[in-house]
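So this one's structure.tsv, TSV, C-alpha atoms:
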chain	number	residue	atom	x	y	z
A	282	ILE	CA	21.37	36.77	-18.52
A	283	PRO	CA	21.81	37.80	-22.18
A	284	TYR	CA	19.76	41.02	-22.18
A	285	SER	CA	21.81	42.61	-24.97
A	286	ASP	CA	21.33	39.56	-27.20
A	287	TRP	CA	17.59	39.59	-26.52
A	288	VAL	CA	17.32	43.28	-27.37
A	289	ASP	CA	19.36	42.91	-30.56
A	290	ARG	CA	17.34	39.95	-31.84
A	291	ILE	CA	13.92	41.28	-30.92
A	292	CYS	CA	14.54	44.85	-32.08
A	293	GLU	CA	15.96	43.59	-35.38
A	294	TYR	CA	12.78	41.56	-35.91
A	295	LEU	CA	10.57	44.50	-34.95
A	296	GLU	CA	12.37	46.88	-37.29
A	297	GLU	CA	12.14	44.46	-40.20
A	298	ALA	CA	8.41	44.10	-39.47
A	299	GLY	CA	7.95	47.88	-39.47
A	300	TYR	CA	7.67	48.52	-35.72
A	301	THR	CA	10.34	51.16	-35.14
A	302	ALA	CA	10.71	53.86	-32.47
A	303	CYS	CA	7.21	53.28	-31.11
A	304	LYS	CA	5.59	52.72	-27.72
A	305	ALA	CA	6.30	49.30	-26.22
A	306	LEU	CA	4.95	47.53	-23.14
A	307	GLU	CA	7.14	45.04	-21.27
A	308	LEU	CA	5.52	42.40	-19.04
A	309	GLY	CA	7.63	41.25	-16.09
A	310	CYS	CA	10.14	44.08	-16.42
A	311	GLY	CA	12.06	43.23	-13.25
A	312	THR	CA	14.76	45.82	-12.56
A	313	GLY	CA	14.32	47.32	-16.03
A	314	ARG	CA	17.46	46.10	-17.75
A	315	PHE	CA	15.75	44.87	-20.93
A	316	GLY	CA	13.39	47.86	-21.15
A	317	SER	CA	16.25	50.29	-20.61
A	318	LEU	CA	18.29	48.73	-23.42
A	319	MET	CA	15.23	48.69	-25.67
A	320	SER	CA	14.72	52.41	-25.04
A	321	THR	CA	18.23	53.11	-26.35
A	322	GLU	CA	16.98	51.65	-29.65
A	323	GLY	CA	14.37	54.42	-29.85
A	324	TYR	CA	11.38	52.76	-28.18
A	325	GLU	CA	9.26	54.47	-25.53
A	326	VAL	CA	9.07	51.65	-22.99
A	327	THR	CA	6.50	51.11	-20.25
A	328	GLY	CA	7.39	48.23	-17.94
A	329	ILE	CA	5.17	46.47	-15.40
A	330	ASP	CA	6.02	43.96	-12.70
A	331	LEU	CA	4.40	42.52	-9.56
A	332	SER	CA	7.49	43.27	-7.46
A	333	LYS	CA	7.46	46.73	-5.90
A	334	GLU	CA	11.16	46.42	-5.05
A	335	MET	CA	12.14	45.55	-8.62
A	336	VAL	CA	10.04	48.38	-10.05
A	337	GLN	CA	11.76	50.83	-7.71
A	338	GLN	CA	15.13	49.71	-9.07
A	339	ALA	CA	13.85	50.03	-12.65
A	340	ILE	CA	12.68	53.59	-11.99
A	341	LYS	CA	16.08	54.49	-10.52
A	342	ARG	CA	17.82	53.01	-13.57
A	343	GLY	CA	15.66	55.00	-15.98
A	344	ARG	CA	16.23	58.26	-14.11
A	345	HIS	CA	19.95	57.71	-13.73
A	346	PHE	CA	20.49	57.15	-17.46
A	347	ARG	CA	17.75	59.63	-18.48
A	348	LEU	CA	15.94	57.04	-20.54
A	349	ASN	CA	12.55	57.22	-22.22
A	350	THR	CA	11.07	54.65	-19.84
A	351	SER	CA	8.38	54.39	-17.18
A	352	PHE	CA	7.74	51.53	-14.77
A	353	GLN	CA	4.86	50.62	-12.49
A	354	VAL	CA	3.60	47.84	-10.27
A	355	MET	CA	0.91	45.87	-12.10
A	356	ASP	CA	-0.27	42.27	-12.46
A	357	MET	CA	0.15	41.03	-16.04
A	358	ARG	CA	-3.05	39.01	-15.56
A	359	LYS	CA	-4.97	42.25	-14.96
A	360	LEU	CA	-3.66	44.77	-17.46
A	361	THR	CA	-5.54	48.09	-17.51
A	362	PHE	CA	-4.08	49.65	-20.68
A	363	LYS	CA	-6.38	50.21	-23.66
A	364	ASP	CA	-5.28	50.35	-27.31
A	365	GLU	CA	-1.96	52.03	-26.46
A	366	PHE	CA	0.93	49.89	-27.66
A	367	PRO	CA	2.04	48.74	-31.12
A	368	VAL	CA	4.51	46.40	-29.37
A	369	VAL	CA	4.28	44.17	-26.28
A	370	VAL	CA	7.25	42.06	-25.15
A	371	SER	CA	8.12	39.72	-22.31
A	372	VAL	CA	11.49	38.01	-21.78
A	373	CYS	CA	13.42	36.02	-19.19
A	374	ASP	CA	10.61	33.39	-19.02
A	375	SER	CA	8.34	35.80	-17.13
A	376	MET	CA	5.32	34.10	-18.76
A	377	ASN	CA	6.26	30.81	-17.04
A	378	TYR	CA	5.25	32.41	-13.73
A	379	LEU	CA	1.63	32.05	-14.84
A	380	VAL	CA	0.67	28.75	-13.24
A	381	ASN	CA	-2.29	27.56	-15.35
A	382	THR	CA	-4.00	28.07	-18.70
A	383	GLU	CA	-6.66	30.41	-17.30
A	384	GLU	CA	-3.99	32.81	-16.07
A	385	LEU	CA	-2.34	32.55	-19.48
A	386	TYR	CA	-5.65	33.31	-21.19
A	387	ASP	CA	-6.34	36.28	-18.88
A	388	THR	CA	-2.92	37.68	-19.72
A	389	PHE	CA	-3.50	37.26	-23.45
A	390	VAL	CA	-6.88	39.04	-23.16
A	391	GLY	CA	-5.18	41.94	-21.37
A	392	VAL	CA	-2.40	42.07	-23.95
A	393	LYS	CA	-4.91	42.22	-26.78
A	394	GLY	CA	-6.71	45.06	-25.03
A	395	ALA	CA	-3.46	46.95	-24.46
A	396	MET	CA	-2.33	46.68	-28.11
A	397	LYS	CA	-3.25	48.83	-31.03
A	398	ASP	CA	-4.81	47.08	-34.01
A	399	GLY	CA	-2.03	45.37	-35.94
A	400	GLY	CA	0.12	45.31	-32.80
A	401	ILE	CA	2.69	42.58	-32.19
A	402	PHE	CA	3.39	40.52	-29.04
A	403	ILE	CA	6.72	38.70	-28.59
A	404	PHE	CA	7.52	36.54	-25.58
A	405	ASP	CA	9.65	33.57	-24.58
A	406	MET	CA	8.90	30.52	-22.43
A	407	LYS	CA	11.10	27.84	-20.93
A	408	THR	CA	10.08	24.44	-22.31
A	409	GLU	CA	8.87	21.32	-20.53
A	410	ALA	CA	12.01	19.58	-21.80
A	411	PHE	CA	14.18	22.16	-20.04
A	412	PHE	CA	12.39	21.83	-16.70
A	413	LYS	CA	12.66	18.05	-16.94
A	414	SER	CA	16.40	18.40	-17.48
A	415	LEU	CA	16.67	20.41	-14.24
A	416	GLY	CA	14.93	17.62	-12.32
A	417	GLU	CA	15.47	17.33	-8.58
A	418	GLU	CA	18.97	18.67	-8.13
A	419	ILE	CA	21.05	21.21	-6.24
A	420	TYR	CA	23.11	23.69	-8.25
A	421	SER	CA	25.70	26.12	-6.93
A	422	ASP	CA	28.16	28.67	-8.19
A	423	GLU	CA	30.61	31.22	-6.83
A	424	LYS	CA	30.97	34.76	-8.14
A	425	ASP	CA	33.07	37.74	-7.12
A	426	ILE	CA	30.23	39.11	-4.98
A	427	GLY	CA	29.42	35.79	-3.27
A	428	GLU	CA	27.82	32.36	-3.75
A	429	TYR	CA	24.41	30.84	-4.42
A	430	TYR	CA	22.76	27.45	-3.90
A	431	TRP	CA	19.81	26.45	-6.08
A	432	GLU	CA	17.52	23.62	-4.92
A	433	ASN	CA	15.29	22.53	-7.81
A	434	TYR	CA	12.15	20.33	-7.87
A	435	TYR	CA	10.16	19.53	-11.02
A	436	ASP	CA	6.78	17.78	-10.76
A	437	GLU	CA	5.95	16.08	-14.07
A	438	ALA	CA	2.32	15.57	-13.02
A	439	THR	CA	1.59	19.28	-12.45
A	440	ARG	CA	4.39	20.55	-14.74
A	441	ASN	CA	5.35	22.98	-11.99
A	442	ASN	CA	9.00	23.74	-11.34
A	443	GLU	CA	9.83	24.98	-7.85
A	444	TYR	CA	13.21	26.31	-6.89
A	445	TYR	CA	14.70	27.79	-3.77
A	446	ILE	CA	17.80	29.95	-4.08
A	447	SER	CA	20.03	30.98	-1.17
A	448	PHE	CA	22.40	33.84	-1.91
A	449	TYR	CA	25.43	34.55	0.28
A	450	ILE	CA	26.62	38.05	-0.60
A	451	LYS	CA	29.95	39.37	0.67
A	452	LYS	CA	29.78	42.32	3.05
A	453	GLY	CA	33.36	43.00	4.05
A	454	ARG	CA	34.64	39.91	5.86
A	455	LEU	CA	31.12	38.57	6.42
A	456	TYR	CA	28.29	37.27	4.23
A	457	ARG	CA	24.64	38.34	4.11
A	458	LYS	CA	22.06	35.69	3.25
A	459	PHE	CA	19.07	36.24	0.95
A	460	VAL	CA	16.50	33.57	0.08
A	461	GLU	CA	14.12	33.46	-2.91
A	462	GLU	CA	11.34	30.99	-3.71
A	463	HIS	CA	10.02	30.61	-7.27
A	464	THR	CA	7.33	28.55	-9.01
A	465	GLN	CA	7.19	28.31	-12.79
A	466	HIS	CA	4.87	26.28	-15.01
A	467	ALA	CA	5.70	24.41	-18.21
A	468	PHE	CA	3.03	25.11	-20.82
A	469	THR	CA	2.68	22.88	-23.84
A	470	PRO	CA	2.67	24.59	-27.26
A	471	GLU	CA	-0.91	23.36	-27.70
A	472	GLU	CA	-1.99	25.12	-24.50
A	473	VAL	CA	-0.40	28.39	-25.64
A	474	ARG	CA	-2.01	28.14	-29.07
A	475	GLU	CA	-5.46	27.41	-27.62
A	476	ALA	CA	-5.27	30.28	-25.10
A	477	ALA	CA	-4.17	32.66	-27.86
A	478	LYS	CA	-7.01	31.55	-30.11
A	479	ARG	CA	-9.55	32.02	-27.31
A	480	ALA	CA	-8.19	35.51	-26.62
A	481	GLY	CA	-8.33	36.50	-30.27
A	482	LEU	CA	-4.58	36.69	-30.94
A	483	THR	CA	-3.05	35.27	-34.12
A	484	ILE	CA	0.22	33.34	-33.83
A	485	ILE	CA	2.60	34.42	-36.60
A	486	GLU	CA	5.65	32.35	-35.68
A	487	GLU	CA	7.19	30.06	-33.10
A	488	ARG	CA	10.99	30.19	-32.84
A	489	ASN	CA	13.80	28.35	-31.03
A	490	SER	CA	16.16	29.39	-28.22
A	491	GLU	CA	18.28	31.40	-30.65
A	492	PHE	CA	15.20	33.27	-31.90
A	493	GLU	CA	15.38	31.44	-35.18
A	494	ALA	CA	12.74	29.43	-37.04
A	495	PRO	CA	11.64	26.72	-36.74
A	496	ALA	CA	10.87	26.22	-33.05
A	497	ASP	CA	12.64	23.39	-31.22
A	498	TYR	CA	10.49	22.11	-28.35
A	499	SER	CA	13.31	19.89	-27.09
A	500	GLY	CA	15.47	22.97	-26.48
A	501	GLU	CA	15.70	25.37	-23.53
A	502	ARG	CA	13.10	27.90	-24.64
A	503	ILE	CA	10.75	28.87	-27.41
A	504	TYR	CA	9.53	32.26	-28.60
A	505	PHE	CA	5.97	33.04	-29.66
A	506	ILE	CA	5.21	35.94	-31.96
A	507	MET	CA	1.54	36.96	-32.00
A	508	LYS	CA	-0.47	39.71	-33.62
A	509	LYS	CA	-3.68	41.61	-32.95
A	510	GLU	CA	-5.43	41.68	-36.27
A	511	GLY	CA	-7.16	44.93	-37.05
For this file, produce the structure as structure tokens.
Amino acid sequence: IPYSDWVDRICEYLEEAGYTACKALELGCGTGRFGSLMSTEGYEVTGIDLSKEMVQQAIKRGRHFRLNTSFQVMDMRKLTFKDEFPVVVSVCDSMNYLVNTEELYDTFVGVKGAMKDGGIFIFDMKTEAFFKSLGEEIYSDEKDIGEYYWENYYDEATRNNEYYISFYIKKGRLYRKFVEEHTQHAFTPEEVREAAKRAGLTIIEERNSEFEAPADYSGERIYFIMKKEG
């Protein structure tokens, strides 16, 4: 996962737009890798995630490296922050875990409430074209620490992508098995634009997988850059 590339591209954009060394909120922070790297660029990062286990790892990471970060368990659909952040970010297709347009709208409303006037919101989404390319397949790979098997199912009617991943991690001469189940939703650009408009956010740009304009909806992912006008 190209966390360093994400940080470089997004922070470069933020700096050029005048958002430097400020408070930033990350939605779907996971184990805190992106937020930790962003903090080394001078940002005071608050990360939220639904997973208690991931947040615990993020907190440990921040303490270990003495970073200007804080992490907490929170639902991005129910943000409680008020007018705190000039910057809100979300990467690694965290927004695809919202499964319908109402959840997307609720998240946008919370983001607007959490941002200061003039604040900026940058996030990525996997595209419908990408999920279609995954289809109904099994993927596998072997790493130094073990192996994984990825069973993928994409439903074109619901635009939901379900995948089940079995990890076999080496523990001495044996392997330990871990299983994850995920559901992601493919939003159309029109759905994102409509939800943003309803929530009162202004879309500044839509960019392609390389974080370059213009957006390419046949590619793997697109980025949306939105603003809270004030």
Query raised in the report: So, counting all atoms listed in the file, which residue among A:Ser375, A:Thr464, A:Thr350, A:Ser447 is closest to A:Ser320?
Result: A:Thr350
Determine, for each residue of stretch 283-363 of chain A having at least one atom at most 12 Å from an atom of stretch 473-491 of chain A, the closest pair of atoms and their separation in Å to one decimal, counting all atoms listed in the file; order by chain and ascending number, as CSV.
residue,atom,partner,partner_atom,distance
A:Pro283,CA,A:Glu491,CA,11.2
A:Asp286,CA,A:Glu491,CA,9.4
A:Trp287,CA,A:Glu491,CA,9.2
A:Asp289,CA,A:Glu491,CA,11.6
A:Arg290,CA,A:Glu491,CA,8.7
A:Ile291,CA,A:Glu491,CA,10.8
A:Tyr294,CA,A:Glu486,CA,11.6
A:Ala298,CA,A:Ile485,CA,11.6
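Nearest-residue note for A:Met507: choosing from A:Gly309, A:Gly316, A:Gly399, A:Gly299, the minimum distance belongs to A:Gly399, counting only C-alpha atoms.
Candidate residues A:Leu415, A:Ala395, A:Ile401, A:Leu308 were compared for distance to A:Ser371, and the nearest is A:Leu308, using only C-alpha atoms.
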Query - Between atom CA of A:Phe448 and atom CA of A:Gly427, distance in Å (one decimal) - result: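 Distance reported for this atom pair: 7.4 Å.
Each of A:Gly453, A:Pro495, A:Gly313, A:Gly394 was checked against A:Gly343 using only C-alpha atoms; the smallest atom-to-atom distance is that of A:Gly313.
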Report summary line: Judged by all atoms listed in the file, the minimum distance to A:Ser332 among A:Glu471, A:Asp356, A:Asp425, A:Glu437 is found for A:Asp356
Report task. For stretch 430-432 of chain A, please output as number ranges by chain all residues within 12 Å (counting all atoms listed in the file; exclusion window: fewer than 2 positions along the same chain). Result -> A: 415-424, 427-428, 434-435, 442-450, 458-463
Report task. Check the smallest atom-to-atom distance from each of A:Glu325, A:Asp364, A:Asp497, A:Asp330 to A:Leu348 using only C-alpha atoms, then report the winner. Result ->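 Smallest separation from A:Leu348 among the options: A:Glu325.
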Query - Residues near A:Glu501, cut-off 8 Å, all atoms listed in the file, skip fewer than 3 positions along chain, as a ChimeraX atom specification - result: /A:407-408,410-411,490,498
Query raised in the report: Taking (2.3, 29.5, -13.5) in the file's coordinates as the center, which residues reach within 7 Å of it, counting all atoms listed in the file, put as a list in words?
Result: Asn377, Tyr378, Leu379, Val380, Asn381, Thr464, Gln465 and His466 of chain A
Query raised in the report: Around (2.7, 46.5, -27.5) in the file's frame, which residues reach within 9 Å when counting all atoms listed in the file? Return as a PyMOL selection string?
Result: chain A and resi 303-307+364-370+392-393+395-397+400-403
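Here atom CA of A:Lys508 stands at a distance of 10.9 Å from atom CA of A:Phe389.
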Query raised in the report: How many Å lie between atom CA of A:Thr388 and atom CA of A:Arg358, rounded to one decimal?
Result: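 Computing it gives 4.4 Å between the two atoms.
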Please, what is the axis-aligned box for every listed atom of stretch 332-335 of chain A with 4 Å on each side, as centre and edge lengths in Å to one decimal, as JSON?
{"center_x": 9.8, "center_y": 45.0, "center_z": -6.8, "size_x": 12.7, "size_y": 11.5, "size_z": 11.6}
Report task. For A:Ile329, please output as a ChimeraX atom specification all residues within 6 Å (counting all atoms listed in the file; exclusion window: fewer than 3 positions along the same chain). Result -> /A:308-310,352-355
Residues of the last selection are to be written out with C-alpha atoms, as a PDB file, keeping the file's coordinate frame.
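Output file part-v3.pdb is given in full below:
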ATOM      1  CA  LEU A 308       5.520  42.400 -19.040  1.00  0.00           C
ATOM      2  CA  GLY A 309       7.630  41.250 -16.090  1.00  0.00           C
ATOM      3  CA  CYS A 310      10.140  44.080 -16.420  1.00  0.00           C
ATOM      4  CA  PHE A 352       7.740  51.530 -14.770  1.00  0.00           C
ATOM      5  CA  GLN A 353       4.860  50.620 -12.490  1.00  0.00           C
ATOM      6  CA  VAL A 354       3.600  47.840 -10.270  1.00  0.00           C
ATOM      7  CA  MET A 355       0.910  45.870 -12.100  1.00  0.00           C
TER       8      MET A 355
END
Which residues, written as a short mmCIF file (atom, residue, chain, number, x, y, z; two decimals) with C-alpha atoms, in the coordinates of the input, have at least one atom at most 8 Å from A:Phe404, with all atoms listed in the file counted and residues fewer than 3 positions away on the same chain left out?
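Output file part.cif follows:
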data_model
loop_
_atom_site.label_atom_id
_atom_site.label_comp_id
_atom_site.auth_asym_id
_atom_site.auth_seq_id
_atom_site.Cartn_x
_atom_site.Cartn_y
_atom_site.Cartn_z
CA VAL A 370 7.25 42.06 -25.15
CA SER A 371 8.12 39.72 -22.31
CA VAL A 372 11.49 38.01 -21.78
CA ASP A 374 10.61 33.39 -19.02
CA MET A 376 5.32 34.10 -18.76
CA TYR A 504 9.53 32.26 -28.60
CA PHE A 505 5.97 33.04 -29.66
CA ILE A 506 5.21 35.94 -31.96
#
Report task. Using only C-alpha atoms, determine which residues lie at most 8 Å from A:Tyr284, disregarding the query and same-chain residues fewer than 3 positions distant; provide the list as a list in words. Result ->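 In the requested form, the answer reads Trp287, Val288, Arg314, Phe315 and Leu318 of chain A.
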